[in-house]
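Peer 1: Have a peek at upload.tsv (TSV, C-alpha atoms).
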chain	number	residue	atom	x	y	z
A	182	MET	CA	143.73	132.92	124.20
A	183	LYS	CA	140.82	135.35	124.55
A	184	VAL	CA	137.85	135.02	122.28
A	185	THR	CA	134.98	137.42	121.96
A	186	ILE	CA	131.81	136.43	120.20
A	187	SER	CA	129.35	139.03	119.00
A	188	LYS	CA	125.96	138.42	117.48
A	189	ASN	CA	126.69	141.00	114.76
A	190	MET	CA	129.74	139.24	113.29
A	191	THR	CA	129.84	138.61	109.54
A	192	GLU	CA	130.91	135.38	107.84
A	193	LYS	CA	134.41	136.80	107.24
A	194	ASP	CA	135.23	137.69	110.82
A	195	ASP	CA	133.17	134.97	112.46
A	196	PHE	CA	135.09	132.94	114.98
A	197	LEU	CA	138.38	134.69	114.14
A	198	GLY	CA	139.65	134.15	117.63
A	199	TYR	CA	139.24	130.42	117.34
A	200	GLY	CA	141.41	130.05	114.28
A	201	LYS	CA	141.53	126.89	112.22
A	202	GLU	CA	143.14	124.76	114.86
A	203	THR	CA	141.44	121.79	116.37
A	204	PRO	CA	142.09	120.15	119.72
A	205	TYR	CA	142.53	116.74	118.12
A	206	GLU	CA	145.84	114.96	118.16
A	207	VAL	CA	147.36	112.46	115.75
A	208	PRO	CA	149.71	109.64	116.81
A	209	ASP	CA	153.36	110.29	115.96
A	210	GLY	CA	154.40	109.11	112.52
A	211	PHE	CA	150.81	108.43	111.43
A	212	PHE	CA	151.12	110.40	108.20
A	213	ASP	CA	154.50	108.83	107.40
A	214	THR	CA	153.19	105.29	107.08
A	215	ILE	CA	149.52	105.62	106.19
A	216	ALA	CA	150.10	105.78	102.42
A	217	GLU	CA	152.04	102.47	102.26
A	218	LYS	CA	149.61	100.78	104.67
A	219	THR	CA	146.65	101.89	102.59
A	220	LEU	CA	148.30	100.77	99.35
A	221	LEU	CA	148.84	97.29	100.81
A	222	LEU	CA	145.20	97.15	101.90
A	223	ALA	CA	144.02	98.37	98.51
A	224	LYS	CA	146.02	95.65	96.76
A	225	GLU	CA	144.65	93.01	99.16
A	226	LYS	CA	141.10	94.12	98.56
A	227	GLU	CA	141.57	94.50	94.82
A	228	PRO	CA	139.18	92.25	92.94
A	229	PHE	CA	140.61	89.47	90.70
A	230	PRO	CA	142.14	90.68	87.44
A	231	ALA	CA	139.67	90.47	84.57
A	232	LYS	CA	141.26	87.29	83.14
A	233	ASN	CA	141.14	85.39	86.46
A	234	ARG	CA	137.72	86.79	87.24
A	235	MET	CA	136.38	85.42	83.97
A	236	LEU	CA	137.91	82.01	84.65
A	237	TRP	CA	136.39	81.90	88.13
A	238	GLN	CA	133.05	83.09	86.84
A	239	THR	CA	133.08	80.33	84.22
A	240	ILE	CA	133.99	77.71	86.81
A	241	ALA	CA	131.31	78.97	89.17
A	242	ALA	CA	128.69	78.97	86.41
A	243	ALA	CA	129.66	75.44	85.34
A	244	ALA	CA	129.55	74.22	88.95
A	245	SER	CA	126.14	75.80	89.46
A	246	LEU	CA	124.82	74.18	86.30
A	247	ALA	CA	126.22	70.80	87.29
A	248	ALA	CA	124.67	71.11	90.74
A	249	LEU	CA	121.33	72.11	89.26
A	250	PHE	CA	121.46	69.24	86.77
A	251	PHE	CA	122.36	66.75	89.51
A	252	ILE	CA	119.58	67.98	91.80
A	253	GLY	CA	117.10	67.98	88.92
A	254	TYR	CA	118.17	64.50	87.84
A	255	GLN	CA	117.94	63.18	91.38
A	256	THR	CA	114.54	64.68	91.89
A	257	GLU	CA	113.22	63.40	88.55
A	258	PHE	CA	114.75	59.95	89.02
A	259	ARG	CA	113.30	59.60	92.49
A	260	HIS	CA	110.01	60.91	91.24
A	261	ASP	CA	109.94	58.34	88.43
A	262	ALA	CA	110.95	55.58	90.81
A	263	ASN	CA	108.23	56.60	93.23
A	264	VAL	CA	105.65	56.80	90.48
A	265	SER	CA	106.59	53.32	89.18
A	266	LYS	CA	106.44	51.96	92.71
A	267	LEU	CA	103.02	53.49	93.25
A	268	ILE	CA	101.75	52.16	89.94
A	269	ALA	CA	103.03	48.67	90.81
A	270	GLN	CA	101.41	48.86	94.23
A	271	ASP	CA	98.19	50.11	92.71
A	272	SER	CA	98.08	47.37	90.05
A	273	GLN	CA	98.88	44.78	92.72
A	274	LEU	CA	96.04	46.13	94.81
A	275	GLN	CA	93.76	46.12	91.79
A	276	THR	CA	94.76	42.53	90.95
A	277	ASN	CA	94.19	41.46	94.53
A	278	SER	CA	90.87	43.18	94.74
A	279	LYS	CA	89.79	41.72	91.36
A	280	ALA	CA	90.75	38.22	92.48
A	281	ALA	CA	88.92	38.75	95.74
A	282	LYS	CA	85.85	39.93	93.86
A	283	GLU	CA	86.03	36.97	91.51
A	284	ILE	CA	86.28	34.57	94.45
A	285	GLU	CA	83.36	36.30	96.13
A	286	ILE	CA	81.25	36.15	92.96
A	287	SER	CA	82.17	32.50	92.44
A	288	ASN	CA	81.22	31.77	96.08
A	289	GLN	CA	77.92	33.55	95.57
A	290	ILE	CA	77.27	31.58	92.37
A	291	ASN	CA	78.12	28.33	94.18
A	292	ALA	CA	75.81	29.32	97.01
A	293	ILE	CA	73.01	30.05	94.54
A	294	GLU	CA	73.61	26.75	92.71
A	295	HIS	CA	73.62	24.95	96.01
A	296	SER	CA	70.36	26.65	97.01
A	297	LYS	CA	68.84	25.73	93.66
A	298	GLN	CA	69.84	22.10	94.15
A	299	GLU	CA	68.41	22.15	97.66
A	300	ILE	CA	65.21	23.65	96.37
A	301	ALA	CA	65.02	21.09	93.62
A	302	LYS	CA	65.29	18.32	96.18
A	303	ILE	CA	62.17	19.55	98.01
A	304	PRO	CA	58.97	17.81	96.60
A	305	VAL	CA	56.63	20.27	94.99
A	306	ALA	CA	53.55	20.60	97.25
A	307	LYS	CA	50.18	20.58	95.55
A	308	PRO	CA	48.02	23.64	96.08
A	309	ALA	CA	46.18	21.97	98.91
A	310	GLY	CA	43.74	24.79	99.54
A	311	LYS	CA	41.95	24.69	96.16
A	312	GLU	CA	41.71	20.89	95.96
A	313	ALA	CA	40.59	20.59	99.53
A	314	VAL	CA	37.82	23.12	98.95
A	315	SER	CA	36.63	21.35	95.77
A	316	ASP	CA	36.81	18.00	97.58
A	317	VAL	CA	34.80	19.52	100.40
A	318	LEU	CA	32.38	21.13	97.96
A	319	ALA	CA	31.96	17.79	96.14
A	320	ASP	CA	30.77	16.22	99.34
A	321	PHE	CA	27.99	18.84	99.76
A	322	THR	CA	24.51	18.23	98.58
A	323	ASP	CA	22.74	20.63	96.24
A	324	GLU	CA	20.63	22.00	99.02
A	325	GLU	CA	23.59	22.60	101.19
A	326	LEU	CA	25.30	24.36	98.33
A	327	GLN	CA	22.26	26.59	97.72
A	328	GLN	CA	22.14	27.45	101.40
A	329	MET	CA	25.81	28.34	101.36
A	330	ALA	CA	25.36	30.47	98.25
A	331	ALA	CA	22.48	32.27	99.88
A	332	LEU	CA	24.54	32.80	102.99
A	333	TYR	CA	27.36	34.14	100.87
A	334	LYS	CA	25.10	36.68	99.24
A	335	SER	CA	23.29	37.72	102.42
A	336	ASP	CA	26.34	37.97	104.71
A	337	PRO	CA	28.02	41.29	104.01
A	338	MET	CA	31.16	40.31	106.02
A	339	ILE	CA	32.08	37.50	103.58
A	340	GLY	CA	31.84	39.83	100.59
A	341	GLU	CA	34.06	42.48	102.28
A	342	ILE	CA	36.76	39.94	103.03
A	343	GLU	CA	36.92	38.84	99.43
A	344	GLN	CA	37.04	42.36	98.08
B	168	MET	CA	138.50	121.15	84.74
B	169	ILE	CA	141.40	118.79	85.59
B	170	GLU	CA	144.48	120.53	86.91
B	171	GLN	CA	148.01	119.69	85.83
B	172	ALA	CA	148.86	117.80	89.04
B	173	ASP	CA	145.57	115.92	88.85
B	174	SER	CA	146.10	114.83	85.26
B	175	GLU	CA	149.60	113.58	86.04
B	176	ILE	CA	148.33	111.48	88.97
B	177	LEU	CA	145.40	110.22	86.91
B	178	GLU	CA	147.70	109.20	84.09
B	179	MET	CA	149.82	107.21	86.54
B	180	LEU	CA	146.82	105.62	88.21
B	181	ARG	CA	145.43	104.47	84.87
B	182	ASP	CA	148.71	102.92	83.81
B	183	PRO	CA	148.99	99.45	85.43
B	184	ALA	CA	152.77	99.72	85.53
B	185	ARG	CA	152.66	103.03	87.44
B	186	LYS	CA	149.41	102.59	89.36
B	187	ASP	CA	151.04	102.07	92.76
B	188	ALA	CA	153.38	105.03	92.35
B	189	GLY	CA	150.43	107.15	91.27
B	190	PHE	CA	148.48	106.03	94.31
B	191	LEU	CA	151.31	106.98	96.68
B	192	LYS	CA	151.55	110.37	95.01
B	193	LEU	CA	147.79	110.87	95.34
B	194	MET	CA	147.98	110.03	99.02
B	195	GLU	CA	150.98	112.28	99.53
B	196	ASN	CA	149.05	115.20	98.10
B	197	PHE	CA	145.71	114.63	99.77
B	198	LYS	CA	146.08	112.47	102.88
B	199	ARG	CA	146.29	115.38	105.32
B	200	PRO	CA	143.33	117.52	104.17
B	201	VAL	CA	141.15	114.44	103.66
B	202	TYR	CA	142.16	113.03	107.05
B	203	TRP	CA	141.31	116.29	108.83
B	204	HIS	CA	138.03	116.61	106.98
B	205	ILE	CA	137.11	113.13	108.23
B	206	ARG	CA	138.54	113.60	111.72
B	207	ARG	CA	136.56	116.76	112.36
B	208	LEU	CA	133.41	114.88	111.46
B	209	VAL	CA	133.93	111.58	113.25
B	210	LEU	CA	136.23	112.81	116.08
B	211	SER	CA	137.97	109.52	116.87
B	212	HIS	CA	141.39	108.96	115.29
B	213	GLU	CA	140.75	105.23	114.81
B	214	ASP	CA	137.50	105.89	112.93
B	215	ALA	CA	139.15	108.63	110.91
B	216	GLU	CA	142.03	106.31	109.96
B	217	ASP	CA	139.62	103.57	108.84
B	218	ILE	CA	137.54	105.98	106.79
B	219	LEU	CA	140.63	107.60	105.28
B	220	GLN	CA	141.92	104.21	104.17
B	221	GLU	CA	138.51	103.19	102.82
B	222	THR	CA	138.31	106.45	100.88
B	223	PHE	CA	141.64	105.92	99.15
B	224	ILE	CA	140.94	102.22	98.57
B	225	GLN	CA	137.73	103.25	96.78
B	226	VAL	CA	139.79	105.56	94.59
B	227	TYR	CA	142.30	102.78	93.85
B	228	ARG	CA	139.54	100.38	92.84
B	229	HIS	CA	137.30	102.77	90.94
B	230	ILE	CA	139.75	105.12	89.30
B	231	GLY	CA	138.44	103.88	85.94
B	232	THR	CA	135.04	105.41	86.67
B	233	PHE	CA	136.42	108.91	87.35
B	234	ARG	CA	135.42	110.95	84.30
B	235	GLY	CA	137.30	114.11	85.17
B	236	GLU	CA	134.21	116.28	85.45
B	237	CYS	CA	135.53	117.72	88.70
B	238	LYS	CA	138.85	118.03	90.50
B	239	LEU	CA	140.37	114.92	92.05
B	240	PHE	CA	140.19	116.70	95.37
B	241	THR	CA	136.43	117.21	94.98
B	242	TRP	CA	135.97	113.53	94.11
B	243	LEU	CA	138.03	112.46	97.12
B	244	TYR	CA	136.03	114.73	99.41
B	245	ARG	CA	132.80	113.34	98.04
B	246	ILE	CA	133.89	109.76	98.72
B	247	ALA	CA	135.19	110.68	102.18
B	248	THR	CA	131.99	112.53	103.08
B	249	ASN	CA	129.88	109.59	101.91
B	250	GLU	CA	131.98	107.24	104.02
B	251	CYS	CA	131.49	109.55	107.03
B	252	THR	CA	127.74	109.58	106.45
B	253	LYS	CA	127.74	105.79	106.35
B	254	HIS	CA	129.73	105.80	109.59
B	255	PHE	CA	127.18	108.17	111.22
B	256	ARG	CA	124.32	105.89	110.24
B	257	LYS	CA	126.08	102.84	111.62
B	258	ASN	CA	127.01	104.72	114.78
B	259	LYS	CA	123.56	106.17	115.23
B	260	HIS	CA	122.13	102.66	115.23
B	261	ARG	CA	124.77	101.51	117.71
B	262	LYS	CA	124.24	104.52	119.97
B	263	ALA	CA	120.49	104.17	119.80
B	264	GLN	CA	120.94	100.59	120.96
B	265	SER	CA	123.34	101.49	123.78
B	266	GLY	CA	121.32	104.59	124.75
B	267	SER	CA	124.21	107.07	124.58
B	268	GLU	CA	123.78	109.87	122.09
B	269	ASN	CA	125.92	112.74	123.35
B	270	LEU	CA	129.01	113.62	121.43
B	271	GLU	CA	131.60	115.37	123.52
B	272	VAL	CA	135.04	116.35	122.33
B	273	SER	CA	136.31	116.30	125.90
B	274	GLY	CA	135.60	112.59	125.96
B	275	GLU	CA	137.76	112.14	122.88
B	276	LEU	CA	140.55	114.13	124.55
B	277	ALA	CA	140.52	112.31	127.86
B	278	GLY	CA	143.99	112.17	129.29
B	279	THR	CA	145.38	115.18	127.40
B	280	ASP	CA	146.29	118.53	128.96
B	281	ALA	CA	143.27	120.75	128.96
B	282	GLU	CA	145.05	124.09	128.91
B	283	GLU	CA	143.10	127.29	128.58
B	284	SER	CA	143.62	127.58	124.82
B	285	LYS	CA	142.78	123.95	124.36
B	286	ALA	CA	139.66	124.38	126.48
B	287	ILE	CA	138.51	127.11	124.14
B	288	LEU	CA	139.11	124.92	121.12
B	289	ILE	CA	137.23	122.10	122.81
B	290	LYS	CA	134.30	124.41	123.51
B	291	PHE	CA	134.29	125.50	119.88
B	292	GLN	CA	134.31	121.89	118.73
B	293	ASN	CA	131.49	121.07	121.12
B	294	ALA	CA	129.52	123.95	119.66
B	295	ILE	CA	130.02	122.48	116.18
B	296	LEU	CA	129.03	119.02	117.42
B	297	GLN	CA	125.64	120.33	118.54
B	298	LEU	CA	124.76	120.95	114.89
B	299	PRO	CA	122.68	118.61	112.78
B	300	GLU	CA	124.77	116.39	110.51
B	301	LYS	CA	124.36	118.38	107.29
B	302	GLN	CA	125.03	121.75	108.93
B	303	ARG	CA	128.11	120.30	110.61
B	304	ILE	CA	129.51	119.04	107.32
B	305	VAL	CA	128.78	122.34	105.58
B	306	PHE	CA	130.26	124.40	108.41
B	307	ASN	CA	133.45	122.35	108.54
B	308	MET	CA	133.96	122.48	104.77
B	309	ARG	CA	133.40	126.19	104.64
B	310	TYR	CA	135.18	127.21	107.82
B	311	TYR	CA	138.16	124.84	108.01
B	312	ASP	CA	138.68	123.74	104.40
B	313	GLU	CA	137.62	127.11	103.01
B	314	LEU	CA	135.87	125.50	100.07
B	315	SER	CA	133.72	127.63	97.80
B	316	TYR	CA	129.99	127.02	97.80
B	317	GLU	CA	130.31	125.76	94.22
B	318	GLU	CA	132.88	123.15	95.24
B	319	MET	CA	130.76	122.16	98.21
B	320	GLY	CA	127.77	121.85	95.89
B	321	GLN	CA	129.71	119.39	93.73
B	322	ILE	CA	130.75	117.35	96.76
B	323	LEU	CA	127.40	117.31	98.55
B	324	HIS	CA	125.12	117.48	95.49
B	325	SER	CA	123.38	120.52	96.96
B	326	SER	CA	122.47	123.93	95.59
B	327	VAL	CA	124.52	126.98	96.55
B	328	SER	CA	121.53	128.65	98.19
B	329	SER	CA	120.83	125.59	100.33
B	330	LEU	CA	124.49	125.44	101.39
B	331	LYS	CA	124.51	129.16	102.25
B	332	THR	CA	121.39	128.72	104.34
B	333	ASN	CA	122.90	125.72	106.11
B	334	PHE	CA	126.10	127.61	106.85
B	335	HIS	CA	124.17	130.62	108.12
B	336	TYR	CA	122.07	128.55	110.53
B	337	ALA	CA	125.15	126.64	111.65
B	338	SER	CA	127.05	129.87	112.43
B	339	GLU	CA	124.09	131.27	114.36
B	340	LYS	CA	123.77	128.13	116.46
B	341	ILE	CA	127.48	128.05	117.20
B	342	LYS	CA	127.47	131.71	118.26
B	343	ARG	CA	124.51	131.13	120.53
B	344	TYR	CA	126.20	128.09	122.06
B	345	LEU	CA	129.44	130.00	122.69
B	346	ILE	CA	127.59	132.93	124.28
B	347	ASP	CA	125.53	130.59	126.45
B	348	HIS	CA	128.67	128.72	127.54
B	349	ALA	CA	130.92	131.76	127.96
Could you write out this file's structure as structure tokens?

Peer 2:
Amino acid sequence: MKVTISKNMTEKDDFLGYGKETPYEVPDGFFDTIAEKTLLLAKEKEPFPAKNRMLWQTIAAAASLAALFFIGYQTEFRHDANVSKLIAQDSQLQTNSKAAKEIEISNQINAIEHSKQEIAKIPVAKPAGKEAVSDVLADFTDEELQQMAALYKSDPMIGEIEQ
Amino acid sequence: MIEQADSEILEMLRDPARKDAGFLKLMENFKRPVYWHIRRLVLSHEDAEDILQETFIQVYRHIGTFRGECKLFTWLYRIATNECTKHFRKNKHRKAQSGSENLEVSGELAGTDAEESKAILIKFQNAILQLPEKQRIVFNMRYYDELSYEEMGQILHSSVSSLKTNFHYASEKIKRYLIDHA
């Protein structure tokens, strides 16, 4: 086979020498059996008939709903159970803490009462300072008192201390 | 739009009692051209077989959606071309990962007799394989399947002018390749 290619060829005579043949080969008997083989495959891959498909779709939808319901129920139930448990724990804690507070308050009250009783037992001391001074002053003579009054007035240090 | 043979096959395919017989008739009429269209694009027989089967399975499953706005053949080609494009994308990813990107027909023909005439055909195929994906599809459809630009437009959702341009560039590149490798 001799083929000449020219750059000036037109679409009609292009590649005339090459013809329509290809170098590819096909296994013997391929075209004799391919139709039946393909039909079998097509029937295998064919989706369910409409009636069956609808039945399966219904079953699938029902199963999905049931699963969703079950999961939802489980979640909600557990949630409720957890919440109740937490509330119980919380109220227990609150009760405990209230009782503890009450005990503490009662202890404090007892302690205060006890202190009061202790205080009551102590004899009330007379204001010794004032009486002692008046007793001392009573022993002074008038002259001594005048001297002390004069000293009080003249000594600036005594006045400052009092102020 | 629908030809006599097409309408007969369609009638059978839409009748549950005759669907299988209609499918076998459809395959009888179109398995060879569709197979070769795929094979020239993907090269390997195994890939071409898979894509051919997938194409017809799509038709079997979605025959109800075919509205008869084009020929059955055009619809089949569109599905087959889309499947090939999907295959290219998958393969591109795989080749990019493995690092091998060269397509060589000789590799696909390893073990066969490379006679002189076959060597020429191989060279021609290698020239086509150098083209970008779209140009390769357009060239094959126009050159081997001899489809009109209007039919190609329906299959590839492209304008006639764009297809003509693609074919022109493809032919020029192939010529240059053949001259360079003479």

Peer 1: Using 8 Å as the limit and counting only C-alpha atoms, can you tabulate each residue of chain B that touches chain A, with its shortest atom-to-atom distance in Å and the two atoms involved, as JSON lines?

Peer 2:
{"residue": "B:Asp187", "atom": "CA", "partner": "A:Leu220", "partner_atom": "CA", "distance": 7.3}
{"residue": "B:Phe190", "atom": "CA", "partner": "A:Leu220", "partner_atom": "CA", "distance": 7.3}
{"residue": "B:Leu191", "atom": "CA", "partner": "A:Ala216", "partner_atom": "CA", "distance": 6.0}
{"residue": "B:Met194", "atom": "CA", "partner": "A:Ala216", "partner_atom": "CA", "distance": 5.8}
{"residue": "B:Glu195", "atom": "CA", "partner": "A:Ala216", "partner_atom": "CA", "distance": 7.2}
{"residue": "B:Lys198", "atom": "CA", "partner": "A:Phe212", "partner_atom": "CA", "distance": 7.6}
{"residue": "B:Arg199", "atom": "CA", "partner": "A:Phe212", "partner_atom": "CA", "distance": 7.5}
{"residue": "B:Leu210", "atom": "CA", "partner": "A:Tyr205", "partner_atom": "CA", "distance": 7.7}
{"residue": "B:His212", "atom": "CA", "partner": "A:Val207", "partner_atom": "CA", "distance": 6.9}
{"residue": "B:Gln220", "atom": "CA", "partner": "A:Thr219", "partner_atom": "CA", "distance": 5.5}
{"residue": "B:Phe223", "atom": "CA", "partner": "A:Thr219", "partner_atom": "CA", "distance": 7.3}
{"residue": "B:Ile224", "atom": "CA", "partner": "A:Ala223", "partner_atom": "CA", "distance": 4.9}
{"residue": "B:Tyr227", "atom": "CA", "partner": "A:Ala223", "partner_atom": "CA", "distance": 6.6}
{"residue": "B:Arg228", "atom": "CA", "partner": "A:Glu227", "partner_atom": "CA", "distance": 6.5}
{"residue": "B:Leu276", "atom": "CA", "partner": "A:Tyr205", "partner_atom": "CA", "distance": 7.2}
{"residue": "B:Glu283", "atom": "CA", "partner": "A:Met182", "partner_atom": "CA", "distance": 7.2}
{"residue": "B:Ser284", "atom": "CA", "partner": "A:Met182", "partner_atom": "CA", "distance": 5.4}
{"residue": "B:Lys285", "atom": "CA", "partner": "A:Pro204", "partner_atom": "CA", "distance": 6.0}
{"residue": "B:Ile287", "atom": "CA", "partner": "A:Tyr199", "partner_atom": "CA", "distance": 7.6}
{"residue": "B:Leu288", "atom": "CA", "partner": "A:Pro204", "partner_atom": "CA", "distance": 5.8}
{"residue": "B:Ile289", "atom": "CA", "partner": "A:Pro204", "partner_atom": "CA", "distance": 6.1}
{"residue": "B:Phe291", "atom": "CA", "partner": "A:Tyr199", "partner_atom": "CA", "distance": 7.4}
{"residue": "B:Gln292", "atom": "CA", "partner": "A:Thr203", "partner_atom": "CA", "distance": 7.5}
{"residue": "B:Tyr310", "atom": "CA", "partner": "A:Lys201", "partner_atom": "CA", "distance": 7.7}
{"residue": "B:Tyr311", "atom": "CA", "partner": "A:Lys201", "partner_atom": "CA", "distance": 5.8}
{"residue": "B:Ser338", "atom": "CA", "partner": "A:Asp195", "partner_atom": "CA", "distance": 8.0}
{"residue": "B:Lys342", "atom": "CA", "partner": "A:Ile186", "partner_atom": "CA", "distance": 6.7}
{"residue": "B:Leu345", "atom": "CA", "partner": "A:Ile186", "partner_atom": "CA", "distance": 7.3}
{"residue": "B:Ile346", "atom": "CA", "partner": "A:Ile186", "partner_atom": "CA", "distance": 6.8}

Peer 1: Rank nothing, just name the residue among B:Lys340, B:Lys290, B:Arg181, B:Lys301 nearest to Phe233 in chain B, using all atoms listed in the file.

Peer 2: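 Once distances to Phe233 in chain B are computed over all atoms listed in the file, the minimum belongs to B:Arg181.
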
Peer 1: So what do you get for CA of Arg207 in chain B versus CA of Ile341 in chain B, distance-wise?

Peer 2: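 Here the two named atoms are 15.3 Å from each other.
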
Peer 1: Using Å and a single decimal, report how far CA of Arg245 in chain B sits from CA of Arg206 in chain B.

Peer 2: 14.8 Å

Peer 1: Name the closest residue to Lys257 in chain B among the candidates B:Val201, B:Ala286, B:Ile295, B:Val209; distances are taken between atoms, counting only C-alpha atoms.

Peer 2: B:Val209

Peer 1: Just how far from CA of Leu208 in chain B is CA of Asn307 in chain B, in Å to one decimal?

Peer 2: 8.0 Å

Peer 1: Determine the nearest neighbour of Glu216 in chain B from the options B:Arg185, B:Lys238, B:Glu250, B:Ser325, counting all atoms listed in the file.

Peer 2: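 The closest residue to Glu216 in chain B is B:Glu250.
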
Peer 1: List as a PyMOL selection string the protein and nucleic acid residues near Met179 in chain B, meaning an atom at most 10 Å away when all atoms listed in the file are counted, but skip any in the same chain fewer than 3 places from it.

Peer 2: chain B and resi 173-176+182-190+192-193
